[in-house]
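Engineer: Handing you this structure, nothing more for now.
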Amino acid sequence: MFKTAICDLFSIKYPIIQGGMAHLGTSELVSAVSNAGGLGIIGAGNSEPAWVRQQIHNTRQLTDKPFGVNILLLSPFAEQVVEVVLEERVAVVTTGAGNPGPYVPKLKEAGVKVMPVLASVALAQRLERFGVDAVVVEGMESGGHIGEVTTMALVPQVVDGIQIPVVAAGGIADGRGLVAGLALGAQGVQIGTRFVCSQECIAHPRYKEKILQAHERSTVASGQSTGHPLRCLQNRLTRQFQKMEKAGASKEDLESFGRNRYYQAAIDGNLEDGTIIAGQIAGLVKDIKPVRVIIDEMMSEAEAIIAGLKNSYTDG
Ligand code: TUI
């Protein structure tokens, strides 16, 4: 069984971090990931601070292992969620969709481990200087808000640009992806889409089913013209959105049309009017399993691949 700097940093058994998914990173999934040896992450999204606090309490009822909170920096409640995290003495914070620089000193002073999710070398270097502990480097294969560079190209460039540990994200759902991330110089992986199709994830069964039916070209990155591209599965909503974009709709109209639709898909199971967030790796996900099985299989597959690579290349 291998350990990496990410395992030591967060006191976890396996270098597997759960993506901080809004509405789906709840105590059920978070505690299952942490209990299975990874790092579960509560997805604060645009939720009210009281909801985040409740999720922290619920998670503590279900696990005594470390877990984190993902703060969506675009949320109107971002600052208040930081306060909740400090009051509740949460061990780890990941952030998304922005520069968490202003919050870093406060979190670090309180002993919180900070790991921003980002999509560029420049921001990784800036945040290393701010004193963050590690970064999650997210390629454009990922579900949700994305940058412009693939995991394959971005991860090694960030690894070479900073000294702190890197976690690879985007396009990873099994042991092969884990080994690939390590081969690119990352010390761990972040997993989103695969965990949506776990037994513990509270996503609506129709949402999970839609991911199981996906193939490699089922996702689209819509909203390029708004400056906030979002990868999700194609449906009536994304087709309407694309029509509006083609017709030259304003940024404001597009953003208000697309706003707050995650809940509809993820929880209500409205697959036509909701945003069905998933990464390009959705096509690889073929079954719904307990989190522990997903993680155990990922680790044993990775170990078999590493052993196989050694056997094929060291003597030849
Ligand atoms: O954040 C995510 N994934 C998300 S956030 C989200 S909610 C949302 N809704 C509408 C528009 C935008 C977001 C759904 N999925 N992943 C982490 C991530 N962060 N990917 C890319 C980035 C990122 C992008 C630009 C981080 C920083 C950044 O730079 C900002 C700056 O100020 O330099």
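Letters for chains follow the order of the structure tokens (A, B, ...), residue numbers begin at 1 for each chain, and ligand numbers begin at 1 in the order shown.
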If you count only C-alpha atoms and all ligand atoms, which residues end up within 9 Å of ligand 1, as a count of residues only?

Structural biologist: 49

Engineer: Name the residues of range 79-272 of chain A that fall into alpha helix (DSSP H) according to DSSP on the backbone, using the chain letters and numbers of this document, as a ChimeraX atom specification.

Structural biologist: /A:79-87,104-109,121-130,151-161,175-183,193-196,205-213,236-246,251-258,262-266

Engineer: Have a look at A:Gln190, A:Gln224, A:Thr59, A:Ser27 and name the one nearest to Tyr14 in chain A; count only C-alpha atoms.

Structural biologist: A:Gln190

Engineer: Go through A:Leu39, A:Ile202, A:Val132, A:Leu254 one by one, measure the shortest atom-to-atom distance of each to Val166 in chain A using only C-alpha atoms, and give the residue with the smallest value.

Structural biologist: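 Closest to Val166 in chain A of all the choices is A:Val132.
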
Engineer: When distances are computed from only C-alpha atoms, which of A:Ile294, A:Leu233, A:Glu245, A:Ser300 shows the smallest separation from Ile276 in chain A?

Structural biologist: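 The closest residue to Ile276 in chain A is A:Leu233.
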
Engineer: Considering only C-alpha atoms, can you say which of A:Lys243, A:Gln234, A:Asp253, A:Ile288 comes closest to Leu271 in chain A?

Structural biologist: A:Gln234

Engineer: Any idea what's packed within 9 Å of Thr193 in chain A, counting only C-alpha atoms, ignoring anything in its chain fewer than 3 positions away? Could you give it as a list of chain:residue names?

Structural biologist: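 The filter keeps A:Gly19, A:Ser142, A:Gly143, A:Gly171, A:Ile172, A:Ala173, A:Val196, A:Cys197, A:Ile211, A:Ile277, A:Ala278, A:Gly279, A:Gln280, A:Ile281, A:Ala282, A:Val285.
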
Engineer: Excluding range 235-240 of chain A and any residue of its chain fewer than 2 positions from it, enumerate the residues within 7 Å of it, using only C-alpha atoms, and give them as a PyMOL selection string.

Structural biologist: chain A and resi 222+233+242-244+272-274

Engineer: Store the residues of this selection in a file with C-alpha atoms, as a compact mmCIF listing (two decimals), in the first residue's frame.

Structural biologist:
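Okay, this is what ended up in out-v4.txt:
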```
# COMPACT_ATOMS: atom_id res chain seq x y z
CA SER A 222 -21.58 25.65 -21.93
CA LEU A 233 -24.32 16.48 -19.49
CA GLN A 242 -26.47 27.19 -26.70
CA LYS A 243 -29.28 28.64 -28.84
CA MET A 244 -29.32 31.77 -26.67
CA GLU A 272 -34.47 18.51 -18.65
CA ASP A 273 -34.49 21.83 -16.77
CA GLY A 274 -31.63 21.21 -14.35
```

Engineer: Go through A:Gln18, A:Gln199, A:Gln55, A:Gln61 and flag the residue nearest Val81 in chain A, using only C-alpha atoms for the distances.

Structural biologist: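 Closest candidate: A:Gln55.
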
Engineer: Applying 9 Å and only C-alpha atoms, which residues near range 296-299 of chain A remain after dropping the ones on its own chain fewer than 4 positions away? List them as JSON, numbers by chain.

Structural biologist: {"A": [1, 2, 14, 36, 173, 174, 175, 176, 177, 178, 291, 292, 303, 304]}

Engineer: Since we have the selection now, will you write its residues out, keeping N, CA, C and O atoms, as a JSON list (two decimals), in the first residue's frame?

Structural biologist:
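For reference, out.json as written:
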```json
[["chain", "number", "residue", "atom", "x", "y", "z"],
["A", 1, "MET", "N", 0.84, -1.21, 0.00],
["A", 1, "MET", "CA", 0.00, 0.00, 0.00],
["A", 1, "MET", "C", 0.87, 1.25, 0.00],
["A", 1, "MET", "O", 1.76, 1.37, 0.83],
["A", 2, "PHE", "N", 0.69, 2.17, -0.95],
["A", 2, "PHE", "CA", 1.58, 3.34, -0.99],
["A", 2, "PHE", "C", 0.98, 4.54, -0.29],
["A", 2, "PHE", "O", -0.23, 4.71, -0.24],
["A", 14, "TYR", "N", -5.42, 6.91, 2.17],
["A", 14, "TYR", "CA", -5.25, 6.87, 0.70],
["A", 14, "TYR", "C", -5.25, 8.28, 0.11],
["A", 14, "TYR", "O", -6.00, 9.14, 0.60],
["A", 36, "ALA", "N", -13.70, 5.43, 4.50],
["A", 36, "ALA", "CA", -13.03, 4.47, 3.61],
["A", 36, "ALA", "C", -11.55, 4.80, 3.41],
["A", 36, "ALA", "O", -10.87, 4.13, 2.64],
["A", 173, "ALA", "N", -11.33, 8.39, -12.64],
["A", 173, "ALA", "CA", -12.43, 7.65, -12.02],
["A", 173, "ALA", "C", -12.05, 6.23, -11.62],
["A", 173, "ALA", "O", -12.90, 5.49, -11.12],
["A", 174, "ASP", "N", -10.80, 5.83, -11.86],
["A", 174, "ASP", "CA", -10.40, 4.47, -11.47],
["A", 174, "ASP", "C", -8.89, 4.42, -11.17],
["A", 174, "ASP", "O", -8.23, 5.46, -11.15],
["A", 175, "GLY", "N", -8.36, 3.21, -10.97],
["A", 175, "GLY", "CA", -6.95, 3.06, -10.62],
["A", 175, "GLY", "C", -6.01, 3.54, -11.71],
["A", 175, "GLY", "O", -4.92, 4.04, -11.43],
["A", 176, "ARG", "N", -6.45, 3.40, -12.97],
["A", 176, "ARG", "CA", -5.62, 3.90, -14.07],
["A", 176, "ARG", "C", -5.44, 5.40, -13.98],
["A", 176, "ARG", "O", -4.34, 5.94, -14.16],
["A", 177, "GLY", "N", -6.53, 6.10, -13.69],
["A", 177, "GLY", "CA", -6.46, 7.55, -13.55],
["A", 177, "GLY", "C", -5.60, 7.97, -12.37],
["A", 177, "GLY", "O", -4.85, 8.95, -12.44],
["A", 178, "LEU", "N", -5.68, 7.20, -11.29],
["A", 178, "LEU", "CA", -4.86, 7.50, -10.10],
["A", 178, "LEU", "C", -3.38, 7.37, -10.44],
["A", 178, "LEU", "O", -2.58, 8.27, -10.16],
["A", 291, "VAL", "N", -19.08, 3.52, -1.55],
["A", 291, "VAL", "CA", -17.84, 4.29, -1.63],
["A", 291, "VAL", "C", -16.62, 3.43, -1.28],
["A", 291, "VAL", "O", -15.58, 3.50, -1.93],
["A", 292, "ARG", "N", -16.77, 2.59, -0.24],
["A", 292, "ARG", "CA", -15.62, 1.78, 0.20],
["A", 292, "ARG", "C", -15.14, 0.86, -0.92],
["A", 292, "ARG", "O", -13.93, 0.69, -1.12],
["A", 303, "GLU", "N", -2.25, -0.31, -7.54],
["A", 303, "GLU", "CA", -1.08, -1.09, -7.12],
["A", 303, "GLU", "C", -0.71, -2.15, -8.14],
["A", 303, "GLU", "O", 0.48, -2.36, -8.43],
["A", 304, "ALA", "N", -1.71, -2.80, -8.73],
["A", 304, "ALA", "CA", -1.43, -3.82, -9.75],
["A", 304, "ALA", "C", -0.77, -3.18, -10.98],
["A", 304, "ALA", "O", 0.16, -3.74, -11.57]]
```

Engineer: Any idea what's packed within 7 Å of Arg206 in chain A, counting only C-alpha atoms, ignoring anything in its chain fewer than 3 positions away? Could you give it as a list of chain:residue names?

Structural biologist: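 Here the answer would be A:Glu209, A:Lys210, A:Gly269.
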
Engineer: When DSSP is applied to the backbone of this structure, which of range 10-222 of chain A are assigned strand (DSSP E)? Write them out as a compact mmCIF listing (two decimals) with all heavy atoms, in the first residue's frame.

Structural biologist:
```
# COMPACT_ATOMS: atom_id res chain seq x y z
N ILE A 16 -6.79 10.01 -1.91
CA ILE A 16 -8.01 10.21 -2.69
C ILE A 16 -8.88 11.25 -2.00
O ILE A 16 -9.31 11.07 -0.85
CB ILE A 16 -8.77 8.87 -2.84
CG1 ILE A 16 -7.91 7.87 -3.63
CG2 ILE A 16 -10.12 9.09 -3.53
CD1 ILE A 16 -8.51 6.48 -3.75
N ILE A 17 -9.12 12.36 -2.72
CA ILE A 17 -9.89 13.48 -2.18
C ILE A 17 -11.22 13.51 -2.93
O ILE A 17 -11.25 13.37 -4.15
CB ILE A 17 -9.15 14.83 -2.45
CG1 ILE A 17 -7.64 14.73 -2.18
CG2 ILE A 17 -9.81 15.99 -1.71
CD1 ILE A 17 -7.24 14.52 -0.77
N GLN A 18 -12.30 13.73 -2.21
CA GLN A 18 -13.61 13.85 -2.86
C GLN A 18 -13.79 15.29 -3.34
O GLN A 18 -13.48 16.24 -2.62
CB GLN A 18 -14.70 13.47 -1.86
CG GLN A 18 -16.12 13.68 -2.35
CD GLN A 18 -16.94 14.35 -1.28
OE1 GLN A 18 -16.91 13.97 -0.12
NE2 GLN A 18 -17.66 15.39 -1.67
N GLY A 40 -13.21 13.14 2.67
CA GLY A 40 -14.52 13.63 2.27
C GLY A 40 -14.56 15.15 2.38
O GLY A 40 -13.91 15.72 3.25
N ILE A 41 -15.34 15.78 1.49
CA ILE A 41 -15.40 17.25 1.46
C ILE A 41 -16.87 17.70 1.38
O ILE A 41 -17.57 17.35 0.43
CB ILE A 41 -14.67 17.81 0.21
CG1 ILE A 41 -13.20 17.32 0.13
CG2 ILE A 41 -14.75 19.33 0.15
CD1 ILE A 41 -12.23 18.04 1.02
N ILE A 42 -17.29 18.50 2.35
CA ILE A 42 -18.63 19.07 2.32
C ILE A 42 -18.66 20.17 1.25
O ILE A 42 -17.80 21.05 1.25
CB ILE A 42 -19.01 19.66 3.70
CG1 ILE A 42 -19.13 18.54 4.74
CG2 ILE A 42 -20.31 20.47 3.61
CD1 ILE A 42 -19.20 19.03 6.18
N GLY A 43 -19.63 20.11 0.34
CA GLY A 43 -19.73 21.12 -0.72
C GLY A 43 -20.63 22.25 -0.27
O GLY A 43 -21.85 22.12 -0.26
N PHE A 67 -12.06 15.41 7.64
CA PHE A 67 -12.84 15.78 6.44
C PHE A 67 -12.66 17.27 6.22
O PHE A 67 -12.06 17.97 7.05
CB PHE A 67 -14.32 15.40 6.62
CG PHE A 67 -15.03 16.15 7.72
CD1 PHE A 67 -15.68 17.35 7.45
CD2 PHE A 67 -15.03 15.66 9.02
CE1 PHE A 67 -16.31 18.04 8.48
CE2 PHE A 67 -15.67 16.36 10.04
CZ PHE A 67 -16.30 17.55 9.77
N GLY A 68 -13.17 17.77 5.10
CA GLY A 68 -13.00 19.19 4.78
C GLY A 68 -14.28 19.84 4.33
O GLY A 68 -15.34 19.19 4.24
N VAL A 69 -14.18 21.15 4.07
CA VAL A 69 -15.30 21.91 3.50
C VAL A 69 -14.79 22.61 2.25
O VAL A 69 -13.70 23.20 2.27
CB VAL A 69 -15.84 22.96 4.51
CG1 VAL A 69 -16.84 23.90 3.84
CG2 VAL A 69 -16.49 22.28 5.71
N ASN A 70 -15.55 22.51 1.16
CA ASN A 70 -15.22 23.27 -0.05
C ASN A 70 -16.02 24.56 -0.06
O ASN A 70 -17.24 24.54 0.05
CB ASN A 70 -15.55 22.46 -1.32
CG ASN A 70 -15.31 23.28 -2.58
OD1 ASN A 70 -16.22 23.94 -3.07
ND2 ASN A 70 -14.10 23.29 -3.07
N ILE A 71 -15.30 25.68 -0.20
CA ILE A 71 -15.95 26.98 -0.23
C ILE A 71 -15.97 27.49 -1.66
O ILE A 71 -14.92 27.64 -2.30
CB ILE A 71 -15.22 27.98 0.70
CG1 ILE A 71 -15.18 27.42 2.13
CG2 ILE A 71 -15.90 29.35 0.65
CD1 ILE A 71 -14.40 28.27 3.11
N LEU A 72 -17.19 27.72 -2.17
CA LEU A 72 -17.35 28.29 -3.50
C LEU A 72 -17.18 29.80 -3.36
O LEU A 72 -17.99 30.47 -2.71
CB LEU A 72 -18.75 27.93 -4.04
CG LEU A 72 -19.12 28.57 -5.37
CD1 LEU A 72 -18.19 28.11 -6.49
CD2 LEU A 72 -20.56 28.26 -5.73
N VAL A 92 -9.72 20.88 7.10
CA VAL A 92 -9.25 21.19 5.74
C VAL A 92 -10.27 22.04 5.00
O VAL A 92 -11.48 21.80 5.11
CB VAL A 92 -9.05 19.88 4.92
CG1 VAL A 92 -8.50 20.19 3.53
CG2 VAL A 92 -8.14 18.90 5.64
N VAL A 93 -9.78 23.03 4.24
CA VAL A 93 -10.64 23.81 3.34
C VAL A 93 -10.11 23.68 1.92
O VAL A 93 -8.91 23.86 1.68
CB VAL A 93 -10.68 25.29 3.77
CG1 VAL A 93 -11.13 26.19 2.63
CG2 VAL A 93 -11.62 25.48 4.95
N THR A 94 -11.00 23.36 0.97
CA THR A 94 -10.68 23.52 -0.43
C THR A 94 -11.56 24.65 -0.94
O THR A 94 -12.60 24.97 -0.34
CB THR A 94 -10.91 22.23 -1.26
OG1 THR A 94 -12.31 21.92 -1.29
CG2 THR A 94 -10.16 21.05 -0.67
N THR A 95 -11.12 25.31 -2.03
CA THR A 95 -11.91 26.43 -2.55
C THR A 95 -12.09 26.23 -4.05
O THR A 95 -11.30 25.52 -4.68
CB THR A 95 -11.20 27.78 -2.32
OG1 THR A 95 -9.93 27.76 -3.00
CG2 THR A 95 -11.01 28.05 -0.84
N GLY A 96 -13.10 26.88 -4.62
CA GLY A 96 -13.33 26.76 -6.05
C GLY A 96 -13.77 28.05 -6.68
O GLY A 96 -14.32 28.93 -6.00
N LYS A 113 -5.83 23.46 7.24
CA LYS A 113 -5.07 23.16 6.01
C LYS A 113 -5.86 23.70 4.83
O LYS A 113 -7.07 23.48 4.73
CB LYS A 113 -4.89 21.65 5.85
CG LYS A 113 -4.14 20.98 7.00
CD LYS A 113 -2.65 21.08 6.78
CE LYS A 113 -1.85 20.14 7.65
NZ LYS A 113 -2.00 20.32 9.10
N VAL A 114 -5.18 24.43 3.94
CA VAL A 114 -5.87 25.08 2.82
C VAL A 114 -5.35 24.53 1.50
O VAL A 114 -4.13 24.49 1.27
CB VAL A 114 -5.66 26.61 2.86
CG1 VAL A 114 -6.43 27.28 1.72
CG2 VAL A 114 -6.11 27.17 4.21
N MET A 115 -6.29 24.10 0.65
CA MET A 115 -5.93 23.50 -0.65
C MET A 115 -6.87 24.05 -1.73
O MET A 115 -7.93 23.48 -1.97
CB MET A 115 -6.02 21.97 -0.55
CG MET A 115 -5.68 21.28 -1.86
SD MET A 115 -5.34 19.52 -1.67
CE MET A 115 -6.96 18.87 -1.24
N PRO A 116 -6.48 25.16 -2.38
CA PRO A 116 -7.35 25.73 -3.41
C PRO A 116 -7.43 24.82 -4.64
O PRO A 116 -6.46 24.14 -4.97
CB PRO A 116 -6.67 27.04 -3.79
CG PRO A 116 -5.56 27.23 -2.84
CD PRO A 116 -5.25 25.92 -2.20
N VAL A 117 -8.59 24.83 -5.29
CA VAL A 117 -8.75 24.16 -6.57
C VAL A 117 -8.57 25.24 -7.63
O VAL A 117 -9.20 26.30 -7.55
CB VAL A 117 -10.14 23.51 -6.70
CG1 VAL A 117 -10.25 22.77 -8.03
CG2 VAL A 117 -10.39 22.56 -5.54
N LEU A 118 -7.71 24.98 -8.62
CA LEU A 118 -7.41 26.01 -9.61
C LEU A 118 -7.09 25.37 -10.95
O LEU A 118 -7.00 24.15 -11.07
CB LEU A 118 -6.26 26.90 -9.11
CG LEU A 118 -5.08 26.19 -8.44
CD1 LEU A 118 -4.14 25.63 -9.46
CD2 LEU A 118 -4.36 27.13 -7.51
N VAL A 135 -2.28 22.22 -3.67
CA VAL A 135 -3.30 22.70 -4.62
C VAL A 135 -3.93 21.51 -5.34
O VAL A 135 -3.28 20.49 -5.54
CB VAL A 135 -2.73 23.68 -5.69
CG1 VAL A 135 -2.25 24.97 -5.05
CG2 VAL A 135 -1.62 23.05 -6.51
N VAL A 136 -5.20 21.67 -5.71
CA VAL A 136 -5.85 20.73 -6.60
C VAL A 136 -5.83 21.36 -7.99
O VAL A 136 -6.32 22.49 -8.17
CB VAL A 136 -7.32 20.44 -6.20
CG1 VAL A 136 -7.97 19.49 -7.22
CG2 VAL A 136 -7.40 19.88 -4.80
N VAL A 137 -5.25 20.66 -8.95
CA VAL A 137 -5.13 21.17 -10.31
C VAL A 137 -6.21 20.49 -11.15
O VAL A 137 -6.17 19.27 -11.33
CB VAL A 137 -3.73 20.87 -10.86
CG1 VAL A 137 -3.63 21.28 -12.32
CG2 VAL A 137 -2.68 21.59 -10.03
N GLU A 138 -7.15 21.30 -11.63
CA GLU A 138 -8.31 20.73 -12.30
C GLU A 138 -8.27 20.96 -13.81
O GLU A 138 -8.28 22.11 -14.27
CB GLU A 138 -9.58 21.40 -11.71
CG GLU A 138 -10.70 20.42 -11.48
CD GLU A 138 -11.93 21.10 -10.91
OE1 GLU A 138 -12.51 21.96 -11.59
OE2 GLU A 138 -12.31 20.76 -9.79
N GLY A 144 -18.51 20.70 -13.88
CA GLY A 144 -18.65 21.99 -13.20
C GLY A 144 -17.85 23.09 -13.87
O GLY A 144 -17.55 23.02 -15.06
N HIS A 145 -17.50 24.10 -13.08
CA HIS A 145 -16.77 25.26 -13.57
C HIS A 145 -15.36 24.83 -13.97
O HIS A 145 -14.68 24.18 -13.17
CB HIS A 145 -16.72 26.31 -12.45
CG HIS A 145 -15.94 27.51 -12.79
ND1 HIS A 145 -16.16 28.24 -13.95
CD2 HIS A 145 -14.94 28.14 -12.15
CE1 HIS A 145 -15.32 29.26 -13.98
NE2 HIS A 145 -14.58 29.23 -12.90
N VAL A 166 0.70 18.57 -5.15
CA VAL A 166 -0.36 18.79 -6.14
C VAL A 166 -1.30 17.59 -6.14
O VAL A 166 -0.85 16.44 -6.04
CB VAL A 166 0.26 18.98 -7.55
CG1 VAL A 166 -0.78 18.88 -8.65
CG2 VAL A 166 1.02 20.30 -7.63
N VAL A 167 -2.59 17.86 -6.22
CA VAL A 167 -3.60 16.81 -6.41
C VAL A 167 -4.17 17.00 -7.82
O VAL A 167 -4.53 18.11 -8.20
CB VAL A 167 -4.72 16.95 -5.35
CG1 VAL A 167 -5.91 16.06 -5.67
CG2 VAL A 167 -4.17 16.62 -3.96
N ALA A 168 -4.24 15.92 -8.59
CA ALA A 168 -4.74 16.00 -9.96
C ALA A 168 -6.24 15.76 -9.99
O ALA A 168 -6.76 14.89 -9.28
CB ALA A 168 -4.04 14.96 -10.84
N ALA A 169 -6.94 16.54 -10.83
CA ALA A 169 -8.40 16.37 -10.95
C ALA A 169 -8.83 16.57 -12.39
O ALA A 169 -8.22 17.33 -13.14
CB ALA A 169 -9.11 17.38 -10.04
N GLY A 188 -1.75 12.95 -5.35
CA GLY A 188 -3.08 12.44 -5.03
C GLY A 188 -4.04 12.82 -6.14
O GLY A 188 -3.66 13.52 -7.09
N VAL A 189 -5.28 12.35 -6.02
CA VAL A 189 -6.29 12.67 -7.02
C VAL A 189 -7.57 13.15 -6.34
O VAL A 189 -7.87 12.77 -5.20
CB VAL A 189 -6.62 11.45 -7.94
CG1 VAL A 189 -5.43 11.11 -8.82
CG2 VAL A 189 -7.08 10.24 -7.12
N GLN A 190 -8.31 13.98 -7.06
CA GLN A 190 -9.64 14.40 -6.60
C GLN A 190 -10.67 13.76 -7.53
O GLN A 190 -10.52 13.79 -8.76
CB GLN A 190 -9.76 15.92 -6.63
CG GLN A 190 -11.13 16.41 -6.16
CD GLN A 190 -11.32 17.91 -6.34
OE1 GLN A 190 -11.04 18.67 -5.45
NE2 GLN A 190 -11.80 18.30 -7.51
N ILE A 191 -11.70 13.20 -6.93
CA ILE A 191 -12.70 12.43 -7.67
C ILE A 191 -14.08 13.04 -7.43
O ILE A 191 -14.47 13.24 -6.27
CB ILE A 191 -12.74 10.97 -7.15
CG1 ILE A 191 -11.34 10.32 -7.15
CG2 ILE A 191 -13.77 10.12 -7.89
CD1 ILE A 191 -10.84 9.88 -8.48
N THR A 219 -20.89 15.12 -22.50
CA THR A 219 -20.87 16.41 -21.80
C THR A 219 -20.61 17.56 -22.76
O THR A 219 -20.06 17.35 -23.85
CB THR A 219 -19.78 16.47 -20.69
OG1 THR A 219 -18.49 16.50 -21.30
CG2 THR A 219 -19.90 15.30 -19.73
N VAL A 220 -21.01 18.74 -22.36
CA VAL A 220 -20.68 19.98 -23.09
C VAL A 220 -20.18 21.00 -22.08
O VAL A 220 -20.58 20.97 -20.91
CB VAL A 220 -21.89 20.59 -23.83
CG1 VAL A 220 -22.19 19.86 -25.10
CG2 VAL A 220 -23.11 20.69 -22.93
N ALA A 221 -19.31 21.90 -22.57
CA ALA A 221 -18.89 23.02 -21.72
C ALA A 221 -19.69 24.22 -22.20
O ALA A 221 -19.39 24.79 -23.24
CB ALA A 221 -17.40 23.26 -21.85
N SER A 222 -20.74 24.54 -21.46
CA SER A 222 -21.58 25.65 -21.93
C SER A 222 -21.26 26.91 -21.14
O SER A 222 -20.65 26.85 -20.07
CB SER A 222 -23.06 25.30 -21.83
OG SER A 222 -23.38 24.95 -20.52
```

Engineer: When you count only C-alpha atoms, which of these residues is closest to Glu79 in chain A: A:Val104, A:Leu127, A:Val158, A:Met152?

Structural biologist: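 Answer, going by the shortest atom-to-atom distance: A:Val104.
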
Engineer: List the neighbours of Arg129 in chain A out to 12 Å using only C-alpha atoms; skip same-chain residues closer than 5 positions along the sequence, and give me the result as a VMD selection string.

Structural biologist: chain A and resid 101 104 to 105 122 to 124 134 161 to 164
